[in-house]
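Dropping my_file_29.txt in here (compact mmCIF, C-alpha atoms):
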```txt
# COMPACT_ATOMS: atom_id res chain seq x y z
CA MET C 1 121.74 8.70 127.70
CA ASP C 2 125.38 9.37 128.55
CA ILE C 3 125.81 12.67 130.38
CA TRP C 4 128.88 13.54 128.35
CA ASP C 5 126.77 13.70 125.16
CA VAL C 6 124.72 16.64 126.47
CA LYS C 7 125.71 20.02 125.00
CA ASP C 8 124.64 23.23 126.70
CA ASP C 9 126.73 26.27 127.63
CA GLU C 10 124.84 26.78 130.91
CA PHE C 11 126.40 23.80 132.62
CA ASP C 12 129.88 23.84 131.04
CA ASP C 13 131.48 24.77 134.37
CA TRP C 14 129.68 21.97 136.16
CA LEU C 15 130.63 19.55 133.40
CA ILE C 16 134.31 20.39 133.79
CA GLU C 17 134.00 19.94 137.55
CA SER C 18 132.22 16.61 137.01
CA LEU C 19 135.20 15.20 135.11
CA LYS C 20 137.05 15.31 138.44
CA THR C 21 134.27 14.39 140.85
CA TYR C 22 132.44 11.52 139.10
CA LYS C 23 133.73 8.14 138.06
CA ASP C 24 130.46 7.52 136.17
CA LEU C 25 127.31 9.54 135.52
CA TYR C 26 124.36 8.49 133.32
CA VAL C 27 120.89 9.97 132.94
CA TYR C 28 117.47 8.69 131.87
CA GLN C 29 114.31 10.66 131.17
CA LEU C 30 110.95 9.32 132.31
CA ASP C 31 107.70 10.56 130.79
CA HIS C 32 106.52 11.41 134.31
CA PRO C 33 108.53 11.85 137.54
CA THR C 34 108.92 9.10 140.12
CA ARG C 35 109.28 9.26 143.89
CA VAL C 36 110.26 5.60 144.22
CA LEU C 37 113.61 3.97 143.38
CA GLU C 38 113.66 0.33 144.48
CA TRP C 39 116.34 -2.22 143.70
CA THR C 40 115.10 -5.55 142.34
CA SER C 41 118.66 -6.80 141.73
CA GLY C 42 122.16 -5.37 141.65
CA LYS C 43 121.55 -4.08 138.13
CA THR C 44 117.79 -3.37 137.97
CA ILE C 45 115.45 -0.92 139.67
CA CYS C 46 111.71 -0.24 139.81
CA VAL C 47 110.26 3.22 139.21
CA ALA C 48 106.65 4.42 139.02
CA GLY C 49 104.88 7.71 138.45
CA PHE C 50 102.91 9.59 141.10
CA GLY C 51 100.53 11.56 138.89
CA PRO C 52 96.86 11.67 139.96
CA ASP C 53 95.63 9.11 137.43
CA ARG C 54 97.16 6.38 135.25
CA ASN C 55 100.92 5.93 135.70
CA GLU C 56 103.68 3.75 134.32
CA ILE C 57 105.43 1.24 136.56
CA LEU C 58 108.74 0.05 135.11
CA GLU C 59 111.72 -2.15 135.83
CA LEU C 60 114.85 -0.55 134.36
CA HIS C 61 118.21 -2.17 133.69
CA LEU C 62 121.05 0.20 134.46
CA PRO C 63 123.62 1.00 131.76
CA PRO C 64 125.92 -2.03 131.32
CA LYS C 65 128.86 0.35 130.90
CA LEU C 66 128.44 1.33 134.58
CA PHE C 67 129.42 -2.20 135.62
CA ALA C 68 132.30 -2.61 133.16
CA ASP C 69 135.05 -1.86 135.66
CA GLU C 70 137.68 -3.17 133.29
CA ASN C 71 137.94 -2.25 129.61
CA LYS C 72 135.11 0.26 130.10
CA GLY C 73 135.95 1.87 126.76
CA LEU C 74 135.12 -1.37 124.99
CA CYS C 75 131.56 -1.43 126.38
CA ALA C 76 129.28 0.52 124.06
CA GLU C 77 126.02 0.02 126.02
CA ARG C 78 125.57 3.16 128.08
CA ASP C 79 121.78 3.56 128.17
CA PHE C 80 119.08 2.50 130.61
CA LYS C 81 116.80 -0.21 129.24
CA VAL C 82 113.17 -0.98 130.09
CA VAL C 83 112.94 -4.70 130.80
CA HIS C 84 109.43 -4.94 132.30
CA GLY C 85 106.56 -2.47 132.42
CA GLY C 86 102.90 -1.87 133.09
CA PHE C 87 100.37 0.70 134.28
CA THR C 88 98.77 1.58 137.61
CA ASP C 89 95.32 3.08 138.06
CA GLY C 90 96.61 5.82 140.34
CA PRO C 91 99.77 7.30 141.86
CA VAL C 92 102.54 5.27 143.46
CA HIS C 93 103.81 6.92 146.63
CA CYS C 94 105.55 3.87 148.09
CA LEU C 95 107.03 0.75 146.47
CA ARG C 96 108.86 -2.16 148.09
CA HIS C 97 110.45 -5.22 146.52
CA ILE C 98 109.84 -8.49 148.40
CA GLN C 99 113.25 -10.12 148.74
CA GLY C 100 113.57 -13.55 147.15
CA THR C 101 110.57 -13.00 144.86
CA ARG C 102 109.66 -11.22 141.66
CA CYS C 103 106.95 -9.27 143.50
CA VAL C 104 106.66 -5.63 144.51
CA VAL C 105 104.09 -3.99 146.77
CA THR C 106 102.80 -0.46 146.18
CA ASN C 107 100.65 2.10 147.96
CA ASN C 108 98.93 5.06 146.31
CA GLY C 109 99.25 7.55 149.17
CA ARG C 110 95.46 7.95 149.33
CA SER C 111 94.41 4.88 151.32
CA SER C 112 95.90 2.17 153.50
CA SER C 113 95.41 -0.65 151.00
CA LEU C 114 98.38 -2.18 149.17
CA GLN C 115 98.67 -3.51 145.64
CA VAL C 116 100.75 -6.63 144.93
CA TRP C 117 102.47 -6.92 141.52
CA ASP C 118 104.28 -9.66 139.64
CA VAL C 119 107.23 -7.91 137.98
CA GLY C 120 107.53 -10.47 135.19
CA ASP C 121 110.28 -12.82 134.05
CA ASP C 122 112.17 -13.88 130.94
CA GLU C 123 108.93 -15.05 129.32
CA SER C 124 106.89 -11.91 129.98
CA ASP C 125 107.81 -8.22 129.97
CA VAL C 126 104.54 -7.07 131.59
CA PHE C 127 103.87 -6.03 135.18
CA ARG C 128 100.78 -7.89 136.40
CA ARG C 129 98.72 -6.92 139.41
CA THR C 130 97.95 -10.11 141.32
CA SER C 131 96.18 -9.11 144.55
CA SER C 132 95.53 -6.47 147.18
CA ILE C 133 96.13 -6.28 150.92
CA GLU C 134 93.71 -4.27 153.00
CA GLY C 135 94.88 -1.99 155.78
CA ALA C 136 93.03 -0.30 158.62
CA ALA C 137 90.19 2.09 157.81
CA PRO C 138 91.06 5.79 158.22
CA LEU C 139 90.02 7.54 161.39
CA ALA C 140 87.35 10.20 161.37
CA GLY C 141 89.02 13.51 160.60
CA GLN C 142 92.28 11.88 159.49
CA ALA C 143 93.96 14.22 157.01
CA ALA C 144 94.11 13.04 153.39
CA GLY C 145 97.88 13.37 153.37
CA GLU C 146 98.12 10.98 156.33
CA ARG C 147 96.09 8.11 154.84
CA GLY C 148 98.80 6.56 152.69
CA SER C 149 100.61 3.61 154.26
CA GLN C 150 104.28 3.31 154.98
CA VAL C 151 105.57 -0.10 153.87
CA ALA C 152 108.48 -2.39 154.81
CA ALA C 153 109.25 -5.81 153.36
CA GLY C 154 109.51 -8.52 155.97
CA PRO C 155 112.72 -10.60 156.00
CA SER C 156 111.04 -13.77 157.33
CA PRO C 157 111.09 -17.02 155.28
CA GLN C 158 107.42 -16.58 154.37
CA PRO C 159 106.97 -13.41 152.27
CA CYS C 160 105.19 -10.76 154.31
CA VAL C 161 104.84 -7.00 154.42
CA LEU C 162 104.63 -4.52 157.29
CA HIS C 163 102.35 -1.54 156.67
CA GLY C 164 100.31 1.22 158.25
CA ALA C 165 99.50 4.92 157.99
CA LEU C 166 99.25 5.55 161.75
CA LEU C 167 101.18 4.00 164.62
CA GLY C 168 97.99 2.33 165.86
CA HIS C 169 97.33 0.83 162.41
CA VAL C 170 100.62 -1.06 161.98
CA GLN C 171 100.16 -4.69 160.95
CA LEU C 172 102.20 -7.48 159.38
CA SER C 173 100.38 -9.23 156.53
CA GLN C 174 101.16 -12.40 154.63
CA LEU C 175 101.81 -11.70 150.97
CA ALA C 176 100.01 -14.79 149.66
CA SER C 177 96.77 -14.52 151.62
CA GLY C 178 96.72 -10.89 152.74
CA ASP C 179 95.87 -12.06 156.27
CA ALA C 180 97.31 -10.13 159.21
CA CYS C 181 99.75 -12.23 161.27
CA TYR C 182 100.72 -9.43 163.68
CA THR C 183 99.06 -6.25 164.89
CA LEU C 184 100.63 -3.61 167.10
CA GLU C 185 98.49 -3.11 170.19
CA THR C 186 98.10 0.64 170.59
CA ASP C 187 95.39 3.17 169.83
CA SER C 188 97.92 5.89 168.97
CA SER C 189 96.90 8.07 166.03
CA GLU C 190 100.41 9.45 165.41
CA PRO C 191 101.07 9.56 161.63
CA LEU C 192 104.00 7.42 160.49
CA SER C 193 106.87 8.60 158.32
CA ALA C 194 108.84 5.33 158.03
CA LEU C 195 108.83 1.62 158.82
CA GLN C 196 111.93 -0.60 158.58
CA PHE C 197 112.87 -4.10 159.67
CA VAL C 198 116.27 -4.41 161.37
CA SER C 199 115.98 -8.17 162.04
CA PRO C 200 113.48 -10.93 161.26
CA TRP C 201 111.62 -10.02 164.46
CA VAL C 202 112.36 -6.36 165.19
CA PHE C 203 111.20 -3.33 163.23
CA LEU C 204 111.49 0.42 163.70
CA ALA C 205 108.54 2.77 163.44
CA CYS C 206 109.22 6.49 163.11
CA CYS C 207 106.42 9.00 163.50
CA ARG C 208 106.28 12.34 161.74
CA ASN C 209 106.93 14.07 165.08
CA GLY C 210 110.24 12.20 165.37
CA ASN C 211 109.25 9.63 168.00
CA LEU C 212 111.04 6.33 167.34
CA PHE C 213 109.82 2.91 168.45
CA ALA C 214 111.84 -0.34 168.32
CA VAL C 215 109.16 -3.05 168.21
CA ASP C 216 109.60 -6.80 168.66
CA THR C 217 106.90 -8.70 166.74
CA ARG C 218 107.08 -11.50 169.30
CA SER C 219 105.30 -9.10 171.66
CA PRO C 220 102.20 -7.10 170.67
CA SER C 221 102.84 -4.33 173.23
CA LEU C 222 104.26 -0.95 172.26
CA PRO C 223 107.64 -0.06 173.84
CA PRO C 224 108.33 3.48 175.09
CA PRO C 225 109.39 5.95 172.39
CA THR C 226 112.79 7.50 171.80
CA PRO C 227 111.98 11.18 171.15
CA VAL C 228 114.11 13.66 169.26
CA PRO C 229 115.69 16.59 171.10
CA PRO C 230 113.34 19.58 171.47
CA PRO C 231 113.55 22.28 168.79
CA PRO C 232 115.22 25.63 169.52
CA GLU C 233 113.12 28.03 171.59
CA ASP C 234 112.89 30.49 168.70
CA SER C 235 111.66 27.82 166.26
CA THR C 236 108.11 28.42 165.00
CA ASP C 237 107.90 26.36 161.79
CA PRO C 238 106.27 22.91 162.05
CA VAL C 239 108.85 20.16 161.63
CA HIS C 240 108.38 16.58 160.48
CA TRP C 241 110.90 13.75 160.54
CA GLY C 242 112.00 10.82 158.39
CA MET C 243 114.18 7.85 159.33
CA HIS C 244 116.60 5.19 158.07
CA ALA C 245 118.62 2.56 159.95
CA THR C 246 121.83 0.73 159.13
CA ALA C 247 121.50 -2.87 158.01
CA GLY C 248 123.30 -5.78 159.64
CA THR C 249 122.98 -8.95 161.67
CA ASP C 250 123.57 -7.25 165.04
CA VAL C 251 120.40 -5.42 166.02
CA ALA C 252 122.05 -3.93 169.11
CA GLY C 253 124.68 -2.28 166.93
CA CYS C 254 122.14 -0.74 164.58
CA ARG C 255 122.35 3.03 164.13
CA VAL C 256 119.30 5.10 163.27
CA ALA C 257 119.38 8.46 161.48
CA ARG C 258 116.36 10.74 161.79
CA LEU C 259 116.18 13.73 159.45
CA SER C 260 113.90 16.72 159.99
CA SER C 261 112.38 19.07 157.45
CA GLY C 262 114.45 21.74 159.23
CA ALA C 263 117.65 19.93 158.10
CA GLU C 264 118.61 18.53 161.51
CA VAL C 265 119.90 14.96 161.78
CA VAL C 266 119.87 12.90 164.98
CA VAL C 267 121.85 9.63 165.00
CA SER C 268 120.85 7.14 167.72
CA ASP C 269 122.31 3.80 168.78
CA LEU C 270 119.83 1.00 169.52
CA ARG C 271 122.12 -0.29 172.28
CA ASN C 272 121.30 2.90 174.17
CA PRO C 273 118.52 4.68 172.27
CA GLY C 274 117.91 7.24 175.01
CA GLY C 275 121.60 8.02 175.51
CA PRO C 276 123.71 10.74 173.94
CA ALA C 277 123.12 11.05 170.23
CA ARG C 278 125.15 12.48 167.41
CA ARG C 279 123.52 15.58 165.98
CA ALA C 280 124.08 17.93 163.09
CA LEU C 281 122.52 20.92 161.35
CA LEU C 282 123.02 20.27 157.66
CA ASP C 283 124.25 23.00 155.37
CA VAL C 284 121.37 22.62 152.90
CA PRO C 285 118.67 25.09 151.78
CA ALA C 286 116.02 24.03 154.32
CA ASP C 287 112.98 26.27 153.84
CA GLY C 288 110.48 23.82 155.33
CA SER C 289 109.07 22.82 151.92
CA ALA C 290 110.77 19.44 151.54
CA GLY C 291 107.45 17.74 152.29
CA ASP C 292 107.06 14.08 151.40
CA HIS C 293 110.20 14.13 149.23
CA LEU C 294 112.44 14.23 152.33
CA ARG C 295 114.86 11.27 152.28
CA VAL C 296 117.77 10.04 154.41
CA SER C 297 119.66 6.79 153.91
CA TRP C 298 122.80 5.11 155.21
CA ALA C 299 125.41 3.89 152.74
CA PRO C 300 125.34 0.08 152.95
CA ALA C 301 128.95 -0.37 151.83
CA LEU C 302 130.62 2.85 153.04
CA GLU C 303 131.22 3.35 156.74
CA ASP C 304 129.80 6.41 158.53
CA CYS C 305 128.25 7.93 155.39
CA LEU C 306 124.64 8.90 154.79
CA ALA C 307 122.83 10.76 152.03
CA VAL C 308 119.94 13.23 152.21
CA SER C 309 117.70 14.69 149.54
CA GLY C 310 114.44 16.56 149.01
CA PHE C 311 115.59 20.03 150.06
CA ASP C 312 116.49 21.20 146.54
CA GLY C 313 117.62 19.66 143.26
CA GLY C 314 120.62 17.95 144.83
CA VAL C 315 121.64 14.90 146.83
CA GLN C 316 124.08 15.58 149.66
CA VAL C 317 126.44 12.98 151.15
CA PHE C 318 127.70 13.49 154.73
CA SER C 319 130.20 11.72 156.95
CA VAL C 320 128.96 11.36 160.55
CA SER C 321 132.35 10.30 161.94
CA THR C 322 133.08 13.72 163.47
CA TRP C 323 129.58 14.60 164.68
CA GLY C 324 129.06 15.11 168.41
CA PRO C 325 126.13 15.48 170.83
CA GLU C 326 125.67 19.19 170.03
CA ALA C 327 123.89 20.20 166.85
CA ARG C 328 126.56 22.03 164.86
CA GLU C 329 126.44 22.99 161.19
CA GLN C 330 127.98 20.36 158.92
CA ARG C 331 128.90 20.67 155.26
CA ALA C 332 128.41 17.91 152.73
CA LEU C 333 131.29 15.62 151.86
CA PHE C 334 129.90 15.47 148.31
CA GLN C 335 126.92 17.01 146.51
CA HIS C 336 125.25 15.78 143.33
CA ARG C 337 123.80 18.83 141.57
CA GLY C 338 123.04 17.22 138.22
CA HIS C 339 119.24 17.45 138.42
CA SER C 340 119.32 21.21 138.97
CA VAL C 341 121.99 22.14 136.41
CA LEU C 342 121.18 19.86 133.48
CA PRO C 343 118.84 21.31 130.82
CA SER C 344 115.16 20.73 131.61
CA GLU C 345 111.90 21.54 129.85
CA ARG C 346 110.31 22.49 133.19
CA SER C 347 110.27 26.16 134.17
CA ALA C 348 109.73 25.44 137.88
CA PRO C 349 112.75 24.74 140.09
CA VAL C 350 113.69 21.06 140.09
CA ARG C 351 113.59 19.15 143.38
CA THR C 352 114.87 15.65 144.04
CA THR C 353 112.11 13.16 144.87
CA ALA C 354 114.15 10.09 145.84
CA HIS C 355 117.63 8.59 146.06
CA ALA C 356 119.02 5.13 146.73
CA TRP C 357 122.48 3.71 147.38
CA HIS C 358 123.62 0.70 145.39
CA PRO C 359 123.52 -2.32 147.74
CA ASP C 360 127.13 -3.36 146.99
CA ARG C 361 129.01 -0.58 145.18
CA PRO C 362 130.27 1.85 147.86
CA ARG C 363 129.84 5.19 146.04
CA THR C 364 127.14 4.44 143.46
CA LEU C 365 123.76 6.13 143.94
CA LEU C 366 120.53 6.59 142.03
CA SER C 367 118.48 9.76 142.22
CA ALA C 368 115.24 11.07 140.70
CA ALA C 369 113.69 14.51 140.43
CA THR C 370 110.46 16.36 139.68
CA ASP C 371 111.42 16.89 136.03
CA GLY C 372 111.29 13.12 135.40
CA SER C 373 115.07 12.71 135.32
CA VAL C 374 116.74 9.63 136.79
CA HIS C 375 120.51 9.66 137.36
CA VAL C 376 122.93 6.94 138.35
CA TRP C 377 126.30 8.22 139.49
CA ASP C 378 129.50 6.97 141.04
CA TRP C 379 131.17 9.79 142.95
CA VAL C 380 134.81 10.27 143.78
CA HIS C 381 135.84 11.04 147.35
CA PRO C 382 137.08 14.66 147.43
CA GLY C 383 140.42 13.54 148.84
CA ALA C 384 140.91 11.31 145.80
CA ALA C 385 139.80 13.87 143.16
CA GLN C 386 142.50 15.11 140.83
CA ASP C 387 143.42 18.77 140.75
```
Could you show the structure in this file as structure tokens?
Amino acid sequence: MDIWDVKDDEFDDWLIESLKTYKDLYVYQLDHPTRVLEWTSGKTICVAGFGPDRNEILELHLPPKLFADENKGLCAERDFKVVHGGFTDGPVHCLRHIQGTRCVVTNNGRSSSLQVWDVGDDESDVFRRTSSIEGAAPLAGQAAGERGSQVAAGPSPQPCVLHGALLGHVQLSQLASGDACYTLETDSSEPLSALQFVSPWVFLACCRNGNLFAVDTRSPSLPPPTPVPPPPEDSTDPVHWGMHATAGTDVAGCRVARLSSGAEVVVSDLRNPGGPARRALLDVPADGSAGDHLRVSWAPALEDCLAVSGFDGGVQVFSVSTWGPEAREQRALFQHRGHSVLPSERSAPVRTTAHAWHPDRPRTLLSAATDGSVHVWDWVHPGAAQD
């Protein structure tokens, strides 16, 4: 659906503002909300529901009109299209595409096991579950919300996947056989919030308490952690952290952003992970309820920009270029408010569940929310917006 076709007096002001602040904006309505947005190509994404039982898993083609940079008015195709689909037996809390294949790996958030899916091709439009990969058994007393695995796709020539729910359960498994080819040697029971490869051999593991580990798979030993700065003395609310790192060929130049449920961001440099960091207190409505929807991600094609979501119905884009070592309040460079202002059948407040930058287009993002809406939008830098 094209956003400009929607008619409702309640968001007229926002619609007028959007004419200046968006180059493109399209919306799609899922039957059930998703918390995963995973690129399978430059024009297709995977989504999946996270309801307690049976859920759809879909590959969507983005509106062709989005990519018609020239003669856009001559392109009539402005809708999302389902190109492949299927059903899961339970929720999907994590989904990763295996680069160079037509496979995705999912986790249901309830156990450490992974499900491997064939997305389909030109001859079949059906998702097909092909195998499973077993993870470590949960520890006695391990909370239910800490049993789901974090997942990262391995960039090595042989398809593999890194996964684990706890730091001491991290392992690298071959996609074809499910056999573990690497296991991190530690008995730590710290719950994980994110895993990410930054080179074929090195991955980052971020724990919910903010501790960051840069691990080389050529060594099974656990390096010392890079902790986050201590919270303010008057802070009483429990805080958990998420993480995302910049991509590139130079591991030493990799920058890592850690985002807390209290809306603090800490940016570290892997060349000196324990050295001075850039910090910020984000001007977002942080009430501690972001939960598992908390997301932070670096723009892959826009220098010094990152996006955050999960605090409300918006996605906020920030520039880190002026941040310093002291945590000062920072306002968003741009904010997408479409999920919270567009008409919805839900009476409860809408919260964003996921967002993802386009891998090549500098200012194109996808976002999803608890009302089942999926938006793709290309924002205009405020300095370039017309008055």
Name the closest residue to Thr44 of chain C among the candidates C:His97, C:Lys23, C:Cys160, C:Gly135; distances are taken between atoms, counting all atoms listed in the file. C:His97
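Taking only C-alpha atoms into account, His93 of chain C lies nearest to C:Leu37 out of the set C:Leu37, C:Val251, C:Ala68, C:Leu60.
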Tell me which protein, DNA and RNA residues are within 9 Å of His244 of chain C, counting all atoms listed in the file, leaving out same-chain ones fewer than 2 positions away, and put them as a PyMOL selection string. chain C and resi 194-196+204+242+246+255-259+295-298
Skipping near chain neighbours, those fewer than 3 positions away, what residues fall within 12 Å of Gly178 of chain C using all atoms listed in the file, listed as an MDAnalysis selection string? chainID C and resid 105 113:116 130:135 159:163 171:175 181:182
Point-to-point distance from atom CA of Pro138 of chain C to atom CA of Glu185 of chain C, Å rounded to tenths: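 Result for atom CA of Pro138 of chain C versus atom CA of Glu185 of chain C: 16.7 Å, one decimal.
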Expressed in Å to a single decimal, how great is the separation between atom CA of Asp283 of chain C and atom CA of Val376 of chain C?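 Between atom CA of Asp283 of chain C and atom CA of Val376 of chain C the gap works out to 23.4 Å.
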Quick one: residues within 10 Å of Ala137 of chain C, all atoms listed in the file counted, chain neighbours fewer than 6 positions away excluded, as a ChimeraX atom specification? /C:111-113,147,165,169
Two-atom distance - atom CA of Pro33 of chain C, atom CA of Phe50 of chain C (Å):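 The value is 7.0 Å.
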I need the residue nearest Gly253 of chain C from this list: C:Glu303, C:Asp360, C:Asp269, C:Asp121. Use only C-alpha atoms for the distance.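 Of all the options, C:Asp269 lies closest to Gly253 of chain C.
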Which one of C:Val198, C:Ser321, C:Val151, C:Trp377 sits closest to Arg361 of chain C if you count all atoms listed in the file? C:Trp377
Selected residue of minimal separation from Ala205 of chain C among C:Ala180, C:Val36, C:Ala152, C:Val83, counting all atoms listed in the file: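 Ranking C:Ala180, C:Val36, C:Ala152, C:Val83 by distance to Ala205 of chain C, first place goes to C:Ala152.
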Between C:Gly310, C:Gly154, C:Pro230, C:Gly338, single out the one closest to Ile98 of chain C, counting all atoms listed in the file.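 With all atoms listed in the file as the atom set, the closest residue is C:Gly154.
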Answer as a PyMOL selection string, residues within 6 Å of (112.1, 17.8, 162.3) using only C-alpha atoms: chain C and resi 239-241+260-262
